$ cat upload17.txt   # compact mmCIF, C-alpha atoms
# COMPACT_ATOMS: atom_id res chain seq x y z
CA MET J 1 0.00 0.00 0.00
CA SER J 2 1.18 3.54 -0.74
CA LEU J 3 3.06 5.54 1.87
CA ASN J 4 2.96 9.26 2.46
CA GLN J 5 6.38 10.21 1.11
CA ASN J 6 6.19 13.98 1.63
CA SER J 7 9.23 15.59 3.25
CA GLN J 8 10.86 12.30 4.22
CA LYS J 9 14.40 13.32 5.18
CA ILE J 10 17.11 10.72 5.69
CA GLU J 11 19.67 11.91 8.23
CA PRO J 12 23.37 11.09 7.78
CA LEU J 13 24.78 8.12 9.64
CA THR J 14 26.09 8.64 13.16
CA ILE J 15 28.26 6.60 15.51
CA LEU J 16 25.07 5.02 16.84
CA ASP J 17 24.42 3.36 13.50
CA PHE J 18 25.55 -0.05 12.36
CA GLY J 19 28.52 1.35 10.49
CA SER J 20 30.32 2.06 13.77
CA GLU J 21 33.35 0.04 14.87
CA PHE J 22 31.44 -1.25 17.90
CA ASN J 23 28.62 -2.69 15.82
CA LYS J 24 31.00 -4.24 13.30
CA GLN J 25 31.95 -6.68 16.05
CA LEU J 26 28.47 -8.21 15.80
CA PRO J 27 27.03 -10.30 12.94
CA ALA J 28 25.78 -8.36 9.91
CA ILE J 29 22.02 -7.94 9.64
CA LYS J 30 19.86 -8.63 6.60
CA ILE J 31 16.36 -7.16 6.45
CA LEU J 32 13.50 -8.45 4.33
CA VAL J 33 11.10 -5.77 3.07
CA ALA J 34 7.82 -7.13 1.71
CA ASP J 35 5.39 -4.61 0.21
CA ASP J 36 3.30 -4.79 -2.96
CA ASP J 37 3.57 -1.03 -3.56
CA PRO J 38 6.80 -0.37 -5.54
CA PRO J 39 7.34 3.28 -4.44
CA SER J 40 6.88 2.36 -0.78
CA ARG J 41 9.20 -0.62 -1.11
CA MET J 42 11.85 1.40 -2.95
CA LEU J 43 11.80 4.15 -0.32
CA LEU J 44 12.16 1.62 2.48
CA GLN J 45 14.99 -0.13 0.64
CA ALA J 46 16.84 3.14 0.03
CA SER J 47 16.47 4.27 3.64
CA LEU J 48 17.53 0.95 5.16
CA THR J 49 20.51 0.69 2.81
CA GLN J 50 21.69 4.18 3.78
CA TRP J 51 21.30 3.25 7.43
CA GLY J 52 23.78 0.43 6.89
CA TYR J 53 21.65 -2.68 6.37
CA LYS J 54 21.58 -5.27 3.61
CA VAL J 55 18.06 -5.41 2.18
CA LEU J 56 16.13 -8.13 0.37
CA GLU J 57 12.85 -7.20 -1.31
CA ALA J 58 9.62 -9.07 -1.99
CA SER J 59 6.57 -7.76 -3.85
CA ASP J 60 4.08 -10.04 -2.09
CA GLY J 61 3.77 -12.52 0.77
CA GLU J 62 4.47 -15.62 -1.30
CA GLU J 63 7.71 -14.16 -2.65
CA ALA J 64 8.69 -13.22 0.90
CA TRP J 65 7.98 -16.76 2.11
CA LYS J 66 10.19 -18.26 -0.62
CA LEU J 67 13.05 -16.01 0.53
CA MET J 68 12.50 -17.13 4.12
CA GLU J 69 12.78 -20.78 3.05
CA GLN J 70 16.28 -20.21 1.66
CA PRO J 71 19.40 -20.99 3.73
CA ASP J 72 20.38 -18.19 6.11
CA PRO J 73 17.18 -16.15 5.75
CA PRO J 74 16.85 -12.58 7.06
CA ARG J 75 16.15 -12.44 10.79
CA LEU J 76 14.53 -9.00 10.69
CA LEU J 77 11.42 -8.48 8.58
CA ILE J 78 9.37 -5.41 7.67
CA LEU J 79 6.07 -6.61 6.25
CA ASP J 80 3.09 -4.77 4.83
CA TRP J 81 -0.21 -6.09 6.16
CA LEU J 82 -2.22 -5.81 2.92
CA MET J 83 -0.41 -7.81 0.23
CA PRO J 84 -1.71 -10.12 -2.52
CA LYS J 85 -1.39 -13.92 -2.42
CA LEU J 86 -0.27 -14.00 1.22
CA ASP J 87 -0.86 -11.02 3.48
CA GLY J 88 1.39 -9.86 6.30
CA ILE J 89 -0.74 -11.38 9.07
CA ASN J 90 -0.80 -14.84 7.54
CA LEU J 91 2.88 -14.60 6.64
CA CYS J 92 3.67 -13.85 10.30
CA SER J 93 1.71 -16.91 11.41
CA LYS J 94 3.37 -19.11 8.80
CA ILE J 95 6.85 -18.01 9.84
CA ARG J 96 6.16 -18.62 13.54
CA LYS J 97 4.61 -22.04 12.93
CA GLU J 98 6.77 -23.52 10.19
CA LEU J 99 10.30 -22.12 10.37
CA PRO J 100 12.91 -23.56 12.73
CA GLU J 101 14.04 -21.19 15.49
CA SER J 102 11.10 -18.97 14.55
CA GLY J 103 11.37 -17.15 17.87
CA SER J 104 14.64 -15.60 16.73
CA TYR J 105 12.94 -13.62 13.93
CA TYR J 106 11.89 -10.04 14.59
CA ILE J 107 8.86 -8.89 12.59
CA ILE J 108 7.67 -5.30 12.17
CA LEU J 109 4.23 -5.12 10.57
CA LEU J 110 3.21 -2.00 8.64
CA SER J 111 -0.37 -1.09 7.84
CA GLN J 112 -2.84 1.69 7.17
CA ILE J 113 -5.26 -0.37 9.24
CA THR J 114 -5.42 1.06 12.76
CA GLY J 115 -7.20 0.35 16.04
CA ASN J 116 -6.37 -1.63 19.16
CA SER J 117 -8.14 -4.73 17.89
CA ASN J 118 -5.93 -4.83 14.79
CA VAL J 119 -2.80 -4.26 16.85
CA LYS J 120 -3.85 -7.19 19.02
CA LEU J 121 -4.45 -9.30 15.91
CA ALA J 122 -0.98 -8.47 14.58
CA ILE J 123 0.75 -9.36 17.85
CA GLU J 124 -1.21 -12.61 18.17
CA ALA J 125 -0.16 -13.54 14.62
CA GLY J 126 3.49 -13.22 15.63
CA ALA J 127 4.47 -9.63 14.88
CA ASN J 128 6.87 -8.06 17.37
CA GLU J 129 5.80 -4.52 16.51
CA PHE J 130 2.99 -2.78 14.67
CA LEU J 131 3.56 0.55 12.91
CA SER J 132 0.74 2.53 11.31
CA LYS J 133 1.14 4.17 7.91
CA PRO J 134 2.08 6.87 7.18
CA PHE J 135 4.90 6.61 9.67
CA ASP J 136 7.84 8.80 10.61
CA TYR J 137 11.05 7.46 9.17
CA GLN J 138 13.11 8.52 12.15
CA GLU J 139 10.78 6.48 14.37
CA LEU J 140 11.17 3.52 12.02
CA ARG J 141 14.93 4.00 12.09
CA SER J 142 14.97 3.83 15.89
CA ARG J 143 12.77 0.75 15.96
CA VAL J 144 14.82 -1.03 13.32
CA TYR J 145 18.02 -0.19 15.15
CA SER J 146 16.70 -1.65 18.43
CA ALA J 147 15.34 -4.71 16.66
CA ALA J 148 18.58 -5.28 14.77
CA ARG J 149 20.59 -5.16 17.99
CA LEU J 150 18.32 -7.78 19.53
CA VAL J 151 18.63 -9.98 16.45
CA GLN J 152 22.41 -9.57 16.40
CA TYR J 153 22.76 -10.63 20.01
CA GLU J 154 20.37 -13.53 19.41
CA ILE J 155 22.54 -14.72 16.51
CA LYS J 156 25.71 -14.32 18.57
CA LEU J 157 24.14 -16.17 21.51
CA SER J 158 23.02 -18.98 19.23
CA GLU J 159 26.55 -19.33 17.82
CA GLU J 160 28.04 -19.40 21.31
CA ASN J 161 25.52 -22.03 22.41
CA LYS J 162 26.45 -24.20 19.43
CA LYS J 163 30.14 -23.87 20.33
CA LEU J 164 29.35 -24.75 23.93
CA SER J 165 27.36 -27.79 22.84
CA ARG J 166 30.27 -29.00 20.68
CA ASN J 167 32.72 -28.44 23.53
CA VAL J 168 30.53 -30.39 25.95
CA SER J 169 30.41 -33.26 23.47
CA LEU J 170 34.21 -33.22 23.16
CA ILE J 171 34.62 -33.13 26.95
CA LYS J 172 32.33 -36.14 27.30
CA ASP J 173 34.41 -38.07 24.75
CA LEU J 174 37.62 -37.06 26.53
CA SER J 175 36.13 -38.05 29.88
CA ALA J 176 35.25 -41.50 28.59
CA GLN J 177 38.80 -41.95 27.28
CA VAL J 178 40.38 -40.85 30.59
CA LEU J 179 38.19 -43.23 32.59
CA ALA J 180 38.97 -46.07 30.18
CA LEU J 181 42.70 -45.34 30.51
CA SER J 182 42.39 -45.34 34.30
CA LYS J 183 40.71 -48.73 34.18
CA LYS J 184 43.47 -50.14 31.96
CA MET J 185 46.12 -48.74 34.31
CA SER J 186 44.49 -50.50 37.26
CA GLU J 187 44.33 -53.77 35.33
CA LEU J 188 48.01 -53.42 34.37
CA GLN J 189 49.04 -52.83 37.98
CA GLU J 190 47.08 -55.86 39.16
CA SER J 191 48.50 -58.14 36.47
CA ASN J 192 52.13 -57.04 36.92
CA PRO J 193 52.92 -55.85 40.50
CA ALA J 194 56.64 -55.44 39.71
CA LEU J 195 55.90 -53.04 36.83
CA ALA J 196 53.59 -51.07 39.10
CA GLN J 197 56.56 -50.13 41.33
CA THR J 198 58.45 -48.23 38.62
CA GLN J 199 58.64 -44.46 39.04
CA ALA J 200 57.52 -43.67 35.49
CA LEU J 201 54.39 -45.79 35.84
CA ASP J 202 53.67 -44.32 39.26
CA GLU J 203 53.88 -40.78 37.88
CA LEU J 204 51.58 -41.76 35.02
CA ARG J 205 49.12 -43.29 37.49
CA GLN J 206 49.07 -40.09 39.55
CA ALA J 207 48.49 -37.97 36.43
CA ILE J 208 45.59 -40.20 35.41
CA GLU J 209 44.11 -39.99 38.90
CA ARG J 210 44.23 -36.20 38.76
CA ALA J 211 42.55 -36.26 35.36
CA VAL J 212 39.85 -38.60 36.67
CA LYS J 213 39.14 -36.24 39.58
CA LEU J 214 38.75 -33.34 37.17
CA VAL J 215 36.46 -35.37 34.93
CA ARG J 216 34.25 -36.38 37.83
CA SER J 217 34.01 -32.76 39.01
CA LEU J 218 32.65 -31.58 35.65
CA GLU J 219 28.91 -30.84 35.61
CA ILE J 220 28.00 -32.02 32.11

$ encode --input "upload17.txt" --output "structure tokens"
Amino acid sequence: MSLNQNSQKIEPLTILDFGSEFNKQLPAIKILVADDDPPSRMLLQASLTQWGYKVLEASDGEEAWKLMEQPDPPRLLILDWLMPKLDGINLCSKIRKELPESGSYYIILLSQITGNSNVKLAIEAGANEFLSKPFDYQELRSRVYSAARLVQYEIKLSEENKKLSRNVSLIKDLSAQVLALSKKMSELQESNPALAQTQALDELRQAIERAVKLVRSLEI
């Protein structure tokens, strides 16, 4: 749907934007803009690009859904409510129900439809925010910035959790090997008492015992 484009001024980037050195430490953010009105979509794309984001565009809900099914889809979405084929409300519901890790997506729904009941409907469908058209671009900029930061930290947290999960798996494997080695050491000492008296073997036994204590103290 068409936006009121009168006197829309795009301010220059500041240190608070995603071009800053601080924000470059976080994962880059892609934003999906879905709107069936070309001028509205082009203005959104131009603004978001100048603000430092990578933008993907869709002219209707079905095209947006196909982009979301691709590997590494955008985590931040700006969707128009009234679109052909698949509207913003139903697209929100579809994303929340069918995509893995759907809770990590941040959805801003745009619409000329107003009223508390419609806001409630949008939130229940899975939108994180509802913004009425025509909207102020500086307000949108602030909301997108806050949303992008949340998405960035969510991505970073997810990556750290995956690393932690891999490390826990490696520790479990290492623990099993240490315990197996300790068992073999005990069997060797029992089968050959003379060998068990050598200094080298005694030092190895002590090292294994220390490793076993560490393994048993791990909470995994």

$ residues_around --input "upload17.txt" --residues "region 72-74 of chain J" --least-positions-apart "3" --cutoff "10 Å" --atoms "only C-alpha atoms" --output "PyMOL selection string"
chain J and resi 29-33+54-56+65-69+77+105-106+151

$ write_last_selection --input "upload17.txt" --atoms "C-alpha atoms" --output "PDB file, keeping the file's coordinate frame"
ATOM      1  CA  ILE J  29      22.020  -7.940   9.640  1.00  0.00           C
ATOM      2  CA  LYS J  30      19.860  -8.630   6.600  1.00  0.00           C
ATOM      3  CA  ILE J  31      16.360  -7.160   6.450  1.00  0.00           C
ATOM      4  CA  LEU J  32      13.500  -8.450   4.330  1.00  0.00           C
ATOM      5  CA  VAL J  33      11.100  -5.770   3.070  1.00  0.00           C
ATOM      6  CA  LYS J  54      21.580  -5.270   3.610  1.00  0.00           C
ATOM      7  CA  VAL J  55      18.060  -5.410   2.180  1.00  0.00           C
ATOM      8  CA  LEU J  56      16.130  -8.130   0.370  1.00  0.00           C
ATOM      9  CA  TRP J  65       7.980 -16.760   2.110  1.00  0.00           C
ATOM     10  CA  LYS J  66      10.190 -18.260  -0.620  1.00  0.00           C
ATOM     11  CA  LEU J  67      13.050 -16.010   0.530  1.00  0.00           C
ATOM     12  CA  MET J  68      12.500 -17.130   4.120  1.00  0.00           C
ATOM     13  CA  GLU J  69      12.780 -20.780   3.050  1.00  0.00           C
ATOM     14  CA  LEU J  77      11.420  -8.480   8.580  1.00  0.00           C
ATOM     15  CA  TYR J 105      12.940 -13.620  13.930  1.00  0.00           C
ATOM     16  CA  TYR J 106      11.890 -10.040  14.590  1.00  0.00           C
ATOM     17  CA  VAL J 151      18.630  -9.980  16.450  1.00  0.00           C
TER      18      VAL J 151
END

$ atom_distance --input "upload17.txt" --atom1 "CA of Glu124 (chain J)" --atom2 "CA of Leu110 (chain J)"
14.9 Å

$ atom_distance --input "upload17.txt" --atom1 "CA of Asp173 (chain J)" --atom2 "CA of Ile155 (chain J)"
27.5 Å

$ atom_distance --input "upload17.txt" --atom1 "CA of Arg143 (chain J)" --atom2 "CA of Leu109 (chain J)"
11.7 Å

$ residues_around --input "upload17.txt" --residues "Arg96 (chain J)" --least-positions-apart "3" --cutoff "12 Å" --atoms "all atoms listed in the file" --output "PDB file with C-alpha atoms, keeping the file's coordinate frame"
ATOM      1  CA  TRP J  65       7.980 -16.760   2.110  1.00  0.00           C
ATOM      2  CA  MET J  68      12.500 -17.130   4.120  1.00  0.00           C
ATOM      3  CA  ILE J  89      -0.740 -11.380   9.070  1.00  0.00           C
ATOM      4  CA  ASN J  90      -0.800 -14.840   7.540  1.00  0.00           C
ATOM      5  CA  LEU J  91       2.880 -14.600   6.640  1.00  0.00           C
ATOM      6  CA  CYS J  92       3.670 -13.850  10.300  1.00  0.00           C
ATOM      7  CA  SER J  93       1.710 -16.910  11.410  1.00  0.00           C
ATOM      8  CA  LEU J  99      10.300 -22.120  10.370  1.00  0.00           C
ATOM      9  CA  PRO J 100      12.910 -23.560  12.730  1.00  0.00           C
ATOM     10  CA  GLU J 101      14.040 -21.190  15.490  1.00  0.00           C
ATOM     11  CA  SER J 102      11.100 -18.970  14.550  1.00  0.00           C
ATOM     12  CA  GLY J 103      11.370 -17.150  17.870  1.00  0.00           C
ATOM     13  CA  SER J 104      14.640 -15.600  16.730  1.00  0.00           C
ATOM     14  CA  TYR J 105      12.940 -13.620  13.930  1.00  0.00           C
ATOM     15  CA  TYR J 106      11.890 -10.040  14.590  1.00  0.00           C
ATOM     16  CA  ILE J 107       8.860  -8.890  12.590  1.00  0.00           C
ATOM     17  CA  ILE J 123       0.750  -9.360  17.850  1.00  0.00           C
ATOM     18  CA  GLU J 124      -1.210 -12.610  18.170  1.00  0.00           C
ATOM     19  CA  ALA J 125      -0.160 -13.540  14.620  1.00  0.00           C
ATOM     20  CA  GLY J 126       3.490 -13.220  15.630  1.00  0.00           C
ATOM     21  CA  ALA J 127       4.470  -9.630  14.880  1.00  0.00           C
ATOM     22  CA  ASN J 128       6.870  -8.060  17.370  1.00  0.00           C
TER      23      ASN J 128
END

$ residues_near_point --input "upload17.txt" --point "(47.6, -46.5, 39.0)" --cutoff "10 Å" --atoms "only C-alpha atoms" --output "PyMOL selection string"
chain J and resi 181-190+196-197+201-209

$ residues_around --input "upload17.txt" --residues "Val212 (chain J)" --least-positions-apart "5" --cutoff "8 Å" --atoms "all atoms listed in the file" --output "list in words"
Ser175, Val178, Leu179 and Ser182 of chain J

$ write_last_selection --input "upload17.txt" --atoms "C-alpha atoms" --output "short mmCIF file (atom, residue, chain, number, x, y, z; two decimals), in the frame of the given file"
data_model
loop_
_atom_site.label_atom_id
_atom_site.label_comp_id
_atom_site.auth_asym_id
_atom_site.auth_seq_id
_atom_site.Cartn_x
_atom_site.Cartn_y
_atom_site.Cartn_z
CA SER J 175 36.13 -38.05 29.88
CA VAL J 178 40.38 -40.85 30.59
CA LEU J 179 38.19 -43.23 32.59
CA SER J 182 42.39 -45.34 34.30
#

$ closest_atom_pairs --input "upload17.txt" --of "region 126-206 of chain J" --to "region 46-53 of chain J" --cutoff "9 Å" --atoms "only C-alpha atoms" --output "Markdown table"
| residue | atom | partner | partner_atom | distance |
| --- | --- | --- | --- | --- |
| J:Tyr137 | CA | J:Ser47 | CA | 8.4 |
| J:Arg141 | CA | J:Trp51 | CA | 7.9 |
| J:Val144 | CA | J:Leu48 | CA | 8.8 |

$ closest_residue --input "upload17.txt" --among "J:Ser40, J:Ala122, J:Ala176, J:Leu164" --to "Phe135 (chain J)" --atoms "all atoms listed in the file"
J:Ser40
